[in-house]
$ cat my_file_38.txt   # compact mmCIF, N, CA and C atoms
# COMPACT_ATOMS: atom_id res chain seq x y z
N MET A 1 82.52 94.71 93.32
CA MET A 1 82.95 95.86 94.10
C MET A 1 82.52 95.72 95.56
N ILE A 2 81.37 95.14 95.79
CA ILE A 2 80.89 94.94 97.15
C ILE A 2 81.81 93.99 97.91
N ALA A 3 82.32 92.98 97.23
CA ALA A 3 83.24 92.03 97.87
C ALA A 3 84.50 92.75 98.33
N TYR A 4 85.05 93.60 97.50
CA TYR A 4 86.26 94.34 97.87
C TYR A 4 85.98 95.27 99.05
N PHE A 5 84.85 95.95 99.02
CA PHE A 5 84.49 96.84 100.11
C PHE A 5 84.31 96.05 101.40
N GLY A 6 83.64 94.92 101.33
CA GLY A 6 83.44 94.07 102.51
C GLY A 6 84.76 93.58 103.07
N LEU A 7 85.67 93.18 102.19
CA LEU A 7 86.99 92.73 102.63
C LEU A 7 87.75 93.88 103.27
N PHE A 8 87.74 95.04 102.62
CA PHE A 8 88.42 96.22 103.17
C PHE A 8 87.87 96.56 104.55
N LEU A 9 86.55 96.60 104.67
CA LEU A 9 85.92 96.95 105.94
C LEU A 9 86.24 95.93 107.02
N SER A 10 86.20 94.64 106.69
CA SER A 10 86.50 93.63 107.70
C SER A 10 87.96 93.71 108.13
N ALA A 11 88.87 93.97 107.20
CA ALA A 11 90.29 94.11 107.54
C ALA A 11 90.54 95.36 108.36
N PHE A 12 89.85 96.44 108.01
CA PHE A 12 89.98 97.70 108.75
C PHE A 12 89.52 97.52 110.20
N VAL A 13 88.33 96.96 110.37
CA VAL A 13 87.78 96.77 111.72
C VAL A 13 88.60 95.76 112.50
N ALA A 14 89.10 94.73 111.84
CA ALA A 14 89.91 93.70 112.52
C ALA A 14 91.19 94.28 113.09
N ALA A 15 91.70 95.35 112.51
CA ALA A 15 92.94 95.96 113.00
C ALA A 15 92.71 96.86 114.20
N THR A 16 91.47 97.23 114.44
CA THR A 16 91.17 98.04 115.61
C THR A 16 90.97 97.10 116.80
N ILE A 17 90.56 97.63 117.92
CA ILE A 17 90.36 96.79 119.10
C ILE A 17 89.02 96.05 119.06
N LEU A 18 88.27 96.24 118.00
CA LEU A 18 87.00 95.52 117.84
C LEU A 18 87.25 94.15 117.22
N PRO A 19 86.50 93.13 117.63
CA PRO A 19 86.73 91.80 117.07
C PRO A 19 86.15 91.65 115.66
N MET A 20 86.95 91.08 114.78
CA MET A 20 86.53 90.82 113.40
C MET A 20 87.54 89.86 112.80
N GLN A 21 87.08 88.99 111.92
CA GLN A 21 87.95 88.00 111.30
C GLN A 21 88.09 88.27 109.81
N SER A 22 89.00 89.13 109.46
CA SER A 22 89.21 89.44 108.05
C SER A 22 89.82 88.25 107.30
N GLU A 23 90.52 87.39 108.03
CA GLU A 23 91.12 86.21 107.39
C GLU A 23 90.04 85.31 106.79
N ALA A 24 88.94 85.15 107.52
CA ALA A 24 87.84 84.31 107.02
C ALA A 24 87.23 84.91 105.76
N VAL A 25 87.09 86.23 105.74
CA VAL A 25 86.54 86.90 104.56
C VAL A 25 87.49 86.72 103.37
N LEU A 26 88.78 86.90 103.60
CA LEU A 26 89.76 86.73 102.53
C LEU A 26 89.74 85.30 101.99
N VAL A 27 89.75 84.32 102.87
CA VAL A 27 89.74 82.92 102.45
C VAL A 27 88.47 82.61 101.65
N GLY A 28 87.34 83.09 102.13
CA GLY A 28 86.08 82.88 101.40
C GLY A 28 86.12 83.45 100.00
N LEU A 29 86.67 84.65 99.86
CA LEU A 29 86.76 85.27 98.53
C LEU A 29 87.78 84.55 97.64
N LEU A 30 88.85 84.07 98.24
CA LEU A 30 89.84 83.30 97.46
C LEU A 30 89.24 81.98 96.98
N ILE A 31 88.49 81.32 97.83
CA ILE A 31 87.86 80.05 97.46
C ILE A 31 86.83 80.25 96.35
N ALA A 32 86.14 81.38 96.38
CA ALA A 32 85.14 81.67 95.35
C ALA A 32 85.78 81.83 93.98
N GLU A 33 87.05 82.16 93.93
CA GLU A 33 87.82 82.31 92.70
C GLU A 33 87.18 83.27 91.68
N ILE A 34 86.58 84.32 92.19
CA ILE A 34 85.96 85.32 91.32
C ILE A 34 86.88 86.52 91.11
N HIS A 35 87.64 86.85 92.15
CA HIS A 35 88.48 88.04 92.14
C HIS A 35 89.96 87.64 92.13
N PRO A 36 90.82 88.45 91.53
CA PRO A 36 92.26 88.14 91.52
C PRO A 36 92.83 88.13 92.95
N ALA A 37 93.60 87.10 93.25
CA ALA A 37 94.15 86.94 94.59
C ALA A 37 95.04 88.12 94.99
N LEU A 38 95.86 88.60 94.06
CA LEU A 38 96.75 89.70 94.37
C LEU A 38 95.97 90.94 94.80
N PHE A 39 94.89 91.24 94.09
CA PHE A 39 94.10 92.41 94.43
C PHE A 39 93.41 92.23 95.78
N LEU A 40 92.94 91.02 96.07
CA LEU A 40 92.33 90.75 97.37
C LEU A 40 93.34 90.96 98.50
N VAL A 41 94.55 90.49 98.30
CA VAL A 41 95.60 90.68 99.31
C VAL A 41 95.92 92.16 99.49
N LEU A 42 95.98 92.91 98.39
CA LEU A 42 96.24 94.35 98.48
C LEU A 42 95.13 95.09 99.23
N VAL A 43 93.88 94.73 98.94
CA VAL A 43 92.75 95.37 99.61
C VAL A 43 92.76 95.05 101.10
N ALA A 44 92.97 93.78 101.45
CA ALA A 44 93.00 93.37 102.86
C ALA A 44 94.15 94.06 103.60
N THR A 45 95.31 94.09 102.98
CA THR A 45 96.48 94.73 103.61
C THR A 45 96.23 96.21 103.82
N THR A 46 95.70 96.88 102.82
CA THR A 46 95.43 98.31 102.94
C THR A 46 94.44 98.60 104.06
N GLY A 47 93.36 97.85 104.10
CA GLY A 47 92.37 98.05 105.16
C GLY A 47 92.95 97.79 106.53
N ASN A 48 93.74 96.73 106.66
CA ASN A 48 94.31 96.38 107.96
C ASN A 48 95.34 97.41 108.41
N VAL A 49 96.15 97.90 107.49
CA VAL A 49 97.15 98.91 107.85
C VAL A 49 96.45 100.21 108.26
N LEU A 50 95.43 100.61 107.53
CA LEU A 50 94.70 101.84 107.89
C LEU A 50 94.02 101.71 109.25
N GLY A 51 93.51 100.53 109.56
CA GLY A 51 92.95 100.29 110.89
C GLY A 51 94.02 100.41 111.97
N SER A 52 95.21 99.93 111.66
CA SER A 52 96.33 100.05 112.61
C SER A 52 96.75 101.51 112.81
N VAL A 53 96.65 102.29 111.75
CA VAL A 53 96.95 103.72 111.87
C VAL A 53 95.96 104.39 112.83
N ILE A 54 94.71 103.96 112.79
CA ILE A 54 93.72 104.47 113.76
C ILE A 54 94.18 104.15 115.18
N ASN A 55 94.66 102.92 115.39
CA ASN A 55 95.17 102.54 116.71
C ASN A 55 96.34 103.42 117.12
N TRP A 56 97.24 103.70 116.17
CA TRP A 56 98.39 104.56 116.45
C TRP A 56 97.92 105.94 116.91
N TYR A 57 96.95 106.50 116.17
CA TYR A 57 96.40 107.80 116.56
C TYR A 57 95.71 107.74 117.92
N LEU A 58 95.04 106.64 118.19
CA LEU A 58 94.39 106.46 119.49
C LEU A 58 95.45 106.49 120.59
N GLY A 59 96.55 105.80 120.38
CA GLY A 59 97.64 105.81 121.36
C GLY A 59 98.20 107.22 121.56
N ARG A 60 98.39 107.93 120.49
CA ARG A 60 98.89 109.31 120.59
C ARG A 60 97.90 110.20 121.34
N TYR A 61 96.63 110.01 121.08
CA TYR A 61 95.58 110.81 121.72
C TYR A 61 95.48 110.49 123.20
N LEU A 62 95.55 109.21 123.54
CA LEU A 62 95.41 108.79 124.94
C LEU A 62 96.53 109.32 125.82
N LEU A 63 97.69 109.53 125.25
CA LEU A 63 98.83 109.99 126.03
C LEU A 63 98.55 111.34 126.69
N LYS A 64 97.66 112.12 126.11
CA LYS A 64 97.30 113.41 126.69
C LYS A 64 96.65 113.24 128.06
N TYR A 65 96.10 112.07 128.32
CA TYR A 65 95.34 111.83 129.54
C TYR A 65 96.10 110.97 130.55
N LYS A 66 97.42 110.90 130.42
CA LYS A 66 98.20 110.00 131.28
C LYS A 66 98.13 110.36 132.76
N THR A 67 97.73 111.56 133.11
CA THR A 67 97.62 111.95 134.52
C THR A 67 96.23 111.68 135.10
N ASN A 68 95.29 111.27 134.26
CA ASN A 68 93.94 110.98 134.76
C ASN A 68 93.89 109.63 135.46
N ARG A 69 92.99 109.50 136.41
CA ARG A 69 92.84 108.25 137.18
C ARG A 69 92.47 107.06 136.31
N TRP A 70 91.68 107.28 135.31
CA TRP A 70 91.21 106.18 134.46
C TRP A 70 92.24 105.71 133.44
N PHE A 71 93.37 106.42 133.32
CA PHE A 71 94.40 106.02 132.35
C PHE A 71 94.82 104.59 132.68
N PRO A 72 94.98 103.74 131.65
CA PRO A 72 95.17 102.30 131.89
C PRO A 72 96.47 101.89 132.57
N CYS A 73 97.42 102.79 132.76
CA CYS A 73 98.66 102.41 133.46
C CYS A 73 99.18 103.59 134.27
N SER A 74 99.96 103.27 135.28
CA SER A 74 100.54 104.30 136.14
C SER A 74 101.72 104.97 135.43
N GLN A 75 102.19 106.06 136.00
CA GLN A 75 103.33 106.77 135.44
C GLN A 75 104.57 105.86 135.45
N THR A 76 104.72 105.07 136.50
CA THR A 76 105.85 104.14 136.60
C THR A 76 105.77 103.09 135.51
N GLN A 77 104.59 102.53 135.31
CA GLN A 77 104.42 101.53 134.25
C GLN A 77 104.68 102.14 132.88
N LEU A 78 104.23 103.37 132.68
CA LEU A 78 104.45 104.05 131.40
C LEU A 78 105.94 104.28 131.17
N GLU A 79 106.65 104.70 132.19
CA GLU A 79 108.09 104.92 132.06
C GLU A 79 108.82 103.60 131.77
N ARG A 80 108.40 102.52 132.42
CA ARG A 80 109.00 101.21 132.17
C ARG A 80 108.73 100.77 130.73
N ALA A 81 107.51 101.00 130.28
CA ALA A 81 107.15 100.64 128.90
C ALA A 81 107.95 101.47 127.90
N GLN A 82 108.14 102.75 128.20
CA GLN A 82 108.92 103.61 127.32
C GLN A 82 110.37 103.14 127.24
N SER A 83 110.92 102.73 128.36
CA SER A 83 112.28 102.21 128.38
C SER A 83 112.38 100.94 127.55
N TRP A 84 111.44 100.03 127.74
CA TRP A 84 111.42 98.78 126.99
C TRP A 84 111.23 99.06 125.51
N TYR A 85 110.31 99.97 125.20
CA TYR A 85 110.02 100.29 123.80
C TYR A 85 111.24 100.94 123.15
N GLY A 86 111.95 101.75 123.89
CA GLY A 86 113.16 102.36 123.35
C GLY A 86 114.20 101.33 122.95
N ARG A 87 114.21 100.20 123.64
CA ARG A 87 115.16 99.14 123.34
C ARG A 87 114.69 98.22 122.22
N TYR A 88 113.42 97.80 122.28
CA TYR A 88 112.90 96.79 121.35
C TYR A 88 111.73 97.27 120.49
N GLY A 89 111.10 98.32 120.88
CA GLY A 89 109.80 98.72 120.39
C GLY A 89 109.53 98.72 118.91
N ARG A 90 110.29 99.46 118.16
CA ARG A 90 110.01 99.59 116.73
C ARG A 90 109.88 98.23 116.06
N TRP A 91 110.75 97.31 116.42
CA TRP A 91 110.77 96.00 115.75
C TRP A 91 109.63 95.10 116.21
N THR A 92 109.01 95.42 117.35
CA THR A 92 107.86 94.62 117.77
C THR A 92 106.69 94.81 116.82
N LEU A 93 106.71 95.89 116.06
CA LEU A 93 105.63 96.12 115.10
C LEU A 93 105.59 95.06 114.01
N LEU A 94 106.69 94.34 113.82
CA LEU A 94 106.67 93.23 112.88
C LEU A 94 105.77 92.09 113.40
N GLY A 95 105.42 92.15 114.67
CA GLY A 95 104.47 91.19 115.25
C GLY A 95 103.05 91.73 115.27
N SER A 96 102.81 92.84 114.61
CA SER A 96 101.46 93.43 114.63
C SER A 96 100.42 92.56 113.93
N TRP A 97 100.85 91.55 113.20
CA TRP A 97 99.92 90.63 112.52
C TRP A 97 99.40 89.57 113.48
N LEU A 98 100.04 89.41 114.64
CA LEU A 98 99.68 88.33 115.56
C LEU A 98 98.31 88.55 116.19
N PRO A 99 97.56 87.47 116.37
CA PRO A 99 96.28 87.59 117.07
C PRO A 99 96.50 88.01 118.52
N VAL A 100 95.57 88.68 119.09
CA VAL A 100 95.50 89.12 120.48
C VAL A 100 96.50 90.23 120.80
N ILE A 101 97.78 90.05 120.55
CA ILE A 101 98.77 91.06 120.95
C ILE A 101 99.11 92.06 119.85
N GLY A 102 98.81 91.73 118.60
CA GLY A 102 99.21 92.58 117.49
C GLY A 102 98.55 93.95 117.50
N ASP A 103 97.26 93.99 117.72
CA ASP A 103 96.55 95.28 117.70
C ASP A 103 96.96 96.18 118.87
N PRO A 104 97.08 95.63 120.10
CA PRO A 104 97.57 96.48 121.19
C PRO A 104 98.98 97.03 120.93
N LEU A 105 99.82 96.27 120.22
CA LEU A 105 101.16 96.78 119.89
C LEU A 105 101.07 98.07 119.08
N THR A 106 100.07 98.16 118.22
CA THR A 106 99.95 99.37 117.39
C THR A 106 99.48 100.57 118.22
N VAL A 107 98.68 100.31 119.26
CA VAL A 107 98.27 101.39 120.17
C VAL A 107 99.49 101.84 120.98
N VAL A 108 100.25 100.87 121.47
CA VAL A 108 101.45 101.19 122.25
C VAL A 108 102.44 102.00 121.42
N ALA A 109 102.55 101.69 120.14
CA ALA A 109 103.45 102.46 119.27
C ALA A 109 103.05 103.92 119.24
N GLY A 110 101.76 104.19 119.23
CA GLY A 110 101.29 105.57 119.29
C GLY A 110 101.61 106.20 120.63
N LEU A 111 101.37 105.45 121.71
CA LEU A 111 101.69 105.95 123.05
C LEU A 111 103.17 106.29 123.17
N MET A 112 104.00 105.49 122.53
CA MET A 112 105.45 105.67 122.62
C MET A 112 106.00 106.62 121.58
N ARG A 113 105.10 107.26 120.85
CA ARG A 113 105.47 108.28 119.86
C ARG A 113 106.36 107.75 118.73
N GLU A 114 106.06 106.53 118.29
CA GLU A 114 106.76 105.98 117.12
C GLU A 114 106.42 106.87 115.92
N PRO A 115 107.40 107.28 115.14
CA PRO A 115 107.10 108.10 113.96
C PRO A 115 106.16 107.35 113.00
N ILE A 116 105.21 108.04 112.45
CA ILE A 116 104.20 107.42 111.58
C ILE A 116 104.84 106.76 110.36
N SER A 117 105.91 107.32 109.85
CA SER A 117 106.54 106.75 108.64
C SER A 117 107.10 105.35 108.92
N SER A 118 107.87 105.19 109.98
CA SER A 118 108.41 103.86 110.29
C SER A 118 107.30 102.93 110.73
N PHE A 119 106.30 103.45 111.42
CA PHE A 119 105.15 102.65 111.84
C PHE A 119 104.47 102.03 110.62
N VAL A 120 104.16 102.86 109.63
CA VAL A 120 103.44 102.37 108.45
C VAL A 120 104.27 101.34 107.69
N VAL A 121 105.56 101.58 107.55
CA VAL A 121 106.41 100.64 106.82
C VAL A 121 106.43 99.27 107.52
N LEU A 122 106.70 99.26 108.82
CA LEU A 122 106.81 97.99 109.55
C LEU A 122 105.47 97.26 109.64
N VAL A 123 104.40 97.99 109.89
CA VAL A 123 103.08 97.36 109.99
C VAL A 123 102.65 96.83 108.62
N THR A 124 102.95 97.55 107.56
CA THR A 124 102.61 97.07 106.21
C THR A 124 103.35 95.78 105.89
N ILE A 125 104.62 95.71 106.24
CA ILE A 125 105.38 94.47 106.01
C ILE A 125 104.73 93.31 106.76
N ALA A 126 104.39 93.53 108.02
CA ALA A 126 103.81 92.47 108.84
C ALA A 126 102.44 92.03 108.34
N LYS A 127 101.58 92.99 108.07
CA LYS A 127 100.21 92.67 107.65
C LYS A 127 100.20 92.04 106.26
N ALA A 128 101.02 92.55 105.35
CA ALA A 128 101.09 91.99 104.00
C ALA A 128 101.61 90.56 104.05
N ALA A 129 102.63 90.32 104.87
CA ALA A 129 103.18 88.96 104.98
C ALA A 129 102.11 87.97 105.47
N ARG A 130 101.30 88.41 106.42
CA ARG A 130 100.23 87.53 106.92
C ARG A 130 99.24 87.20 105.81
N TYR A 131 98.77 88.20 105.10
CA TYR A 131 97.77 87.96 104.05
C TYR A 131 98.36 87.20 102.86
N ILE A 132 99.61 87.47 102.53
CA ILE A 132 100.26 86.71 101.45
C ILE A 132 100.38 85.25 101.85
N GLY A 133 100.82 85.00 103.07
CA GLY A 133 100.93 83.62 103.55
C GLY A 133 99.60 82.91 103.57
N LEU A 134 98.57 83.59 104.05
CA LEU A 134 97.23 83.00 104.09
C LEU A 134 96.72 82.71 102.68
N ALA A 135 96.94 83.63 101.77
CA ALA A 135 96.51 83.43 100.38
C ALA A 135 97.28 82.27 99.75
N ALA A 136 98.57 82.18 100.01
CA ALA A 136 99.38 81.09 99.44
C ALA A 136 98.90 79.73 99.93
N VAL A 137 98.64 79.62 101.21
CA VAL A 137 98.16 78.36 101.78
C VAL A 137 96.79 78.02 101.21
N THR A 138 95.91 79.01 101.14
CA THR A 138 94.56 78.77 100.62
C THR A 138 94.60 78.34 99.16
N LEU A 139 95.37 79.05 98.35
CA LEU A 139 95.44 78.73 96.92
C LEU A 139 96.13 77.40 96.67
N ALA A 140 97.07 77.02 97.51
CA ALA A 140 97.73 75.73 97.36
C ALA A 140 96.78 74.59 97.68
N TRP A 141 95.80 74.89 98.51
CA TRP A 141 94.83 73.86 98.93
C TRP A 141 93.73 73.65 97.90
N LEU A 142 93.54 74.62 97.05
CA LEU A 142 92.45 74.53 96.05
C LEU A 142 92.78 73.53 94.95

$ encode --input "my_file_38.txt" --output "structure tokens"
Amino acid sequence: MIAYFGLFLSAFVAATILPMQSEAVLVGLLIAEIHPALFLVLVATTGNVLGSVINWYLGRYLLKYKTNRWFPCSQTQLERAQSWYGRYGRWTLLGSWLPVIGDPLTVVAGLMREPISSFVVLVTIAKAARYIGLAAVTLAWL
């Protein structure tokens, strides 16, 4: 049970803006061959998606402060981002699994008021695909 909690926690934190390597935890648990791979992938995916939902809420919350000096972008930049997001945005969430840019995409989705239902579906597809691929490669190597 501790292994599952550790995997969940590492995947959850890895999806936020804090650095964490949930992939290493998943690979380590897969190599140990103690727990079923499918369940490990489900736990990692769930934790990572829930962490991304926190990012989405953070984006929604930050939008309230768009007129403050410390807000990370100007009104012009925000309008440009909204225009771009309106054209491509929802589908960029399929890249939410990518290192470096994936987590900020989930914050931007909140800023751009992406509906939570489509957000969760697209992010789940992306995150699950990453963990399934990683598990497949790891298990093929064993």

$ axis_aligned_box --input "my_file_38.txt" --around "segment 89-106 of chain A" --padding-each-side "8 Å" --output "AutoDock Vina command-line options"
--center_x 103.3 --center_y 94.0 --center_z 116.9 --size_x 31.6 --size_y 29.1 --size_z 24.7

$ residues_around --input "my_file_38.txt" --residues "Phe119 of chain A" --least-positions-apart "5" --cutoff "8 Å" --atoms "all atoms listed in the file" --output "ChimeraX atom specification"
/A:53,90,93,109,114,124-125

$ closest_residue --input "my_file_38.txt" --among "A:Ala135, A:Leu63, A:Leu122, A:Ile34" --to "Ser96 of chain A" --atoms "only N, CA and C atoms"
A:Leu122

$ residues_around --input "my_file_38.txt" --residues "Val100 of chain A" --least-positions-apart "4" --cutoff "10 Å" --atoms "only C-alpha atoms" --output "PyMOL selection string"
chain A and resi 17+19+96+104-105

$ residues_around --input "my_file_38.txt" --residues "Ser10 of chain A" --least-positions-apart "4" --cutoff "7 Å" --atoms "all atoms listed in the file" --output "list in words"
Phe5, Gly6, Ala14, Ala15, Met20, Gln21, Ser22, Glu23, Gly47 and Asn48 of chain A

$ residues_near_point --input "my_file_38.txt" --point "(104.1, 98.8, 120.5)" --cutoff "8 Å" --atoms "only N, CA and C atoms" --output "mmCIF file with N, CA and C atoms, in the frame of the given file"
data_model
loop_
_atom_site.group_PDB
_atom_site.id
_atom_site.type_symbol
_atom_site.label_atom_id
_atom_site.label_comp_id
_atom_site.auth_asym_id
_atom_site.auth_seq_id
_atom_site.Cartn_x
_atom_site.Cartn_y
_atom_site.Cartn_z
ATOM 1 N N TYR A 85 110.310 99.970 125.200
ATOM 2 C CA TYR A 85 110.020 100.290 123.800
ATOM 3 C C TYR A 85 111.240 100.940 123.150
ATOM 4 N N TYR A 88 113.420 97.800 122.280
ATOM 5 C CA TYR A 88 112.900 96.790 121.350
ATOM 6 C C TYR A 88 111.730 97.270 120.490
ATOM 7 N N GLY A 89 111.100 98.320 120.880
ATOM 8 C CA GLY A 89 109.800 98.720 120.390
ATOM 9 C C GLY A 89 109.530 98.720 118.910
ATOM 10 N N ARG A 90 110.290 99.460 118.160
ATOM 11 C CA ARG A 90 110.010 99.590 116.730
ATOM 12 C C ARG A 90 109.880 98.230 116.060
ATOM 13 N N TRP A 91 110.750 97.310 116.420
ATOM 14 C CA TRP A 91 110.770 96.000 115.750
ATOM 15 C C TRP A 91 109.630 95.100 116.210
ATOM 16 N N THR A 92 109.010 95.420 117.350
ATOM 17 C CA THR A 92 107.860 94.620 117.770
ATOM 18 C C THR A 92 106.690 94.810 116.820
ATOM 19 N N LEU A 93 106.710 95.890 116.060
ATOM 20 C CA LEU A 93 105.630 96.120 115.100
ATOM 21 C C LEU A 93 105.590 95.060 114.010
ATOM 22 N N GLY A 102 98.810 91.730 118.600
ATOM 23 C CA GLY A 102 99.210 92.580 117.490
ATOM 24 C C GLY A 102 98.550 93.950 117.500
ATOM 25 N N ASP A 103 97.260 93.990 117.720
ATOM 26 C CA ASP A 103 96.550 95.280 117.700
ATOM 27 C C ASP A 103 96.960 96.180 118.870
ATOM 28 N N PRO A 104 97.080 95.630 120.100
ATOM 29 C CA PRO A 104 97.570 96.480 121.190
ATOM 30 C C PRO A 104 98.980 97.030 120.930
ATOM 31 N N LEU A 105 99.820 96.270 120.220
ATOM 32 C CA LEU A 105 101.160 96.780 119.890
ATOM 33 C C LEU A 105 101.070 98.070 119.080
ATOM 34 N N THR A 106 100.070 98.160 118.220
ATOM 35 C CA THR A 106 99.950 99.370 117.390
ATOM 36 C C THR A 106 99.480 100.570 118.220
ATOM 37 N N VAL A 107 98.680 100.310 119.260
ATOM 38 C CA VAL A 107 98.270 101.390 120.170
ATOM 39 C C VAL A 107 99.490 101.840 120.980
ATOM 40 N N VAL A 108 100.250 100.870 121.470
ATOM 41 C CA VAL A 108 101.450 101.190 122.250
ATOM 42 C C VAL A 108 102.440 102.000 121.420
ATOM 43 N N ALA A 109 102.550 101.690 120.140
ATOM 44 C CA ALA A 109 103.450 102.460 119.270
ATOM 45 C C ALA A 109 103.050 103.920 119.240
ATOM 46 N N GLY A 110 101.760 104.190 119.230
ATOM 47 C CA GLY A 110 101.290 105.570 119.290
ATOM 48 C C GLY A 110 101.610 106.200 120.630
ATOM 49 N N LEU A 111 101.370 105.450 121.710
ATOM 50 C CA LEU A 111 101.690 105.950 123.050
ATOM 51 C C LEU A 111 103.170 106.290 123.170
ATOM 52 N N MET A 112 104.000 105.490 122.530
ATOM 53 C CA MET A 112 105.450 105.670 122.620
ATOM 54 C C MET A 112 106.000 106.620 121.580
#

$ closest_residue --input "my_file_38.txt" --among "A:Pro115, A:Trp97, A:Leu7, A:Gly86" --to "Gly28 of chain A" --atoms "only C-alpha atoms"
A:Leu7

$ atom_distance --input "my_file_38.txt" --atom1 "atom N of Phe71 of chain A" --atom2 "atom N of Tyr57 of chain A"
17.5 Å

$ closest_residue --input "my_file_38.txt" --among "A:Ala81, A:Val27, A:Ala11, A:Leu94" --to "Val49 of chain A" --atoms "all atoms listed in the file"
A:Ala11

$ closest_residue --input "my_file_38.txt" --among "A:Ile31, A:Leu98, A:Met1, A:Leu78" --to "Arg130 of chain A" --atoms "only N, CA and C atoms"
A:Leu98

$ atom_distance --input "my_file_38.txt" --atom1 "atom N of Ala3 of chain A" --atom2 "atom N of Leu29 of chain A"
9.8 Å

$ select_by_dssp --input "my_file_38.txt" --residues "chain A" --states "alpha helix (DSSP H)" --output "ChimeraX atom specification"
/A:2-15,22-32,37-62,75-84,90-92,102-111,116-141

$ atom_distance --input "my_file_38.txt" --atom1 "atom CA of Thr45 of chain A" --atom2 "atom CA of Tyr131 of chain A"
6.9 Å

$ residues_around --input "my_file_38.txt" --residues "segment 37-41 of chain A" --least-positions-apart "2" --cutoff "7 Å" --atoms "all atoms listed in the file" --output "PyMOL selection string"
chain A and resi 26+30+35+43-46+128+131-132

$ closest_residue --input "my_file_38.txt" --among "A:Gly133, A:Thr16, A:Arg69, A:Thr138" --to "Ile101 of chain A" --atoms "only C-alpha atoms"
A:Thr16
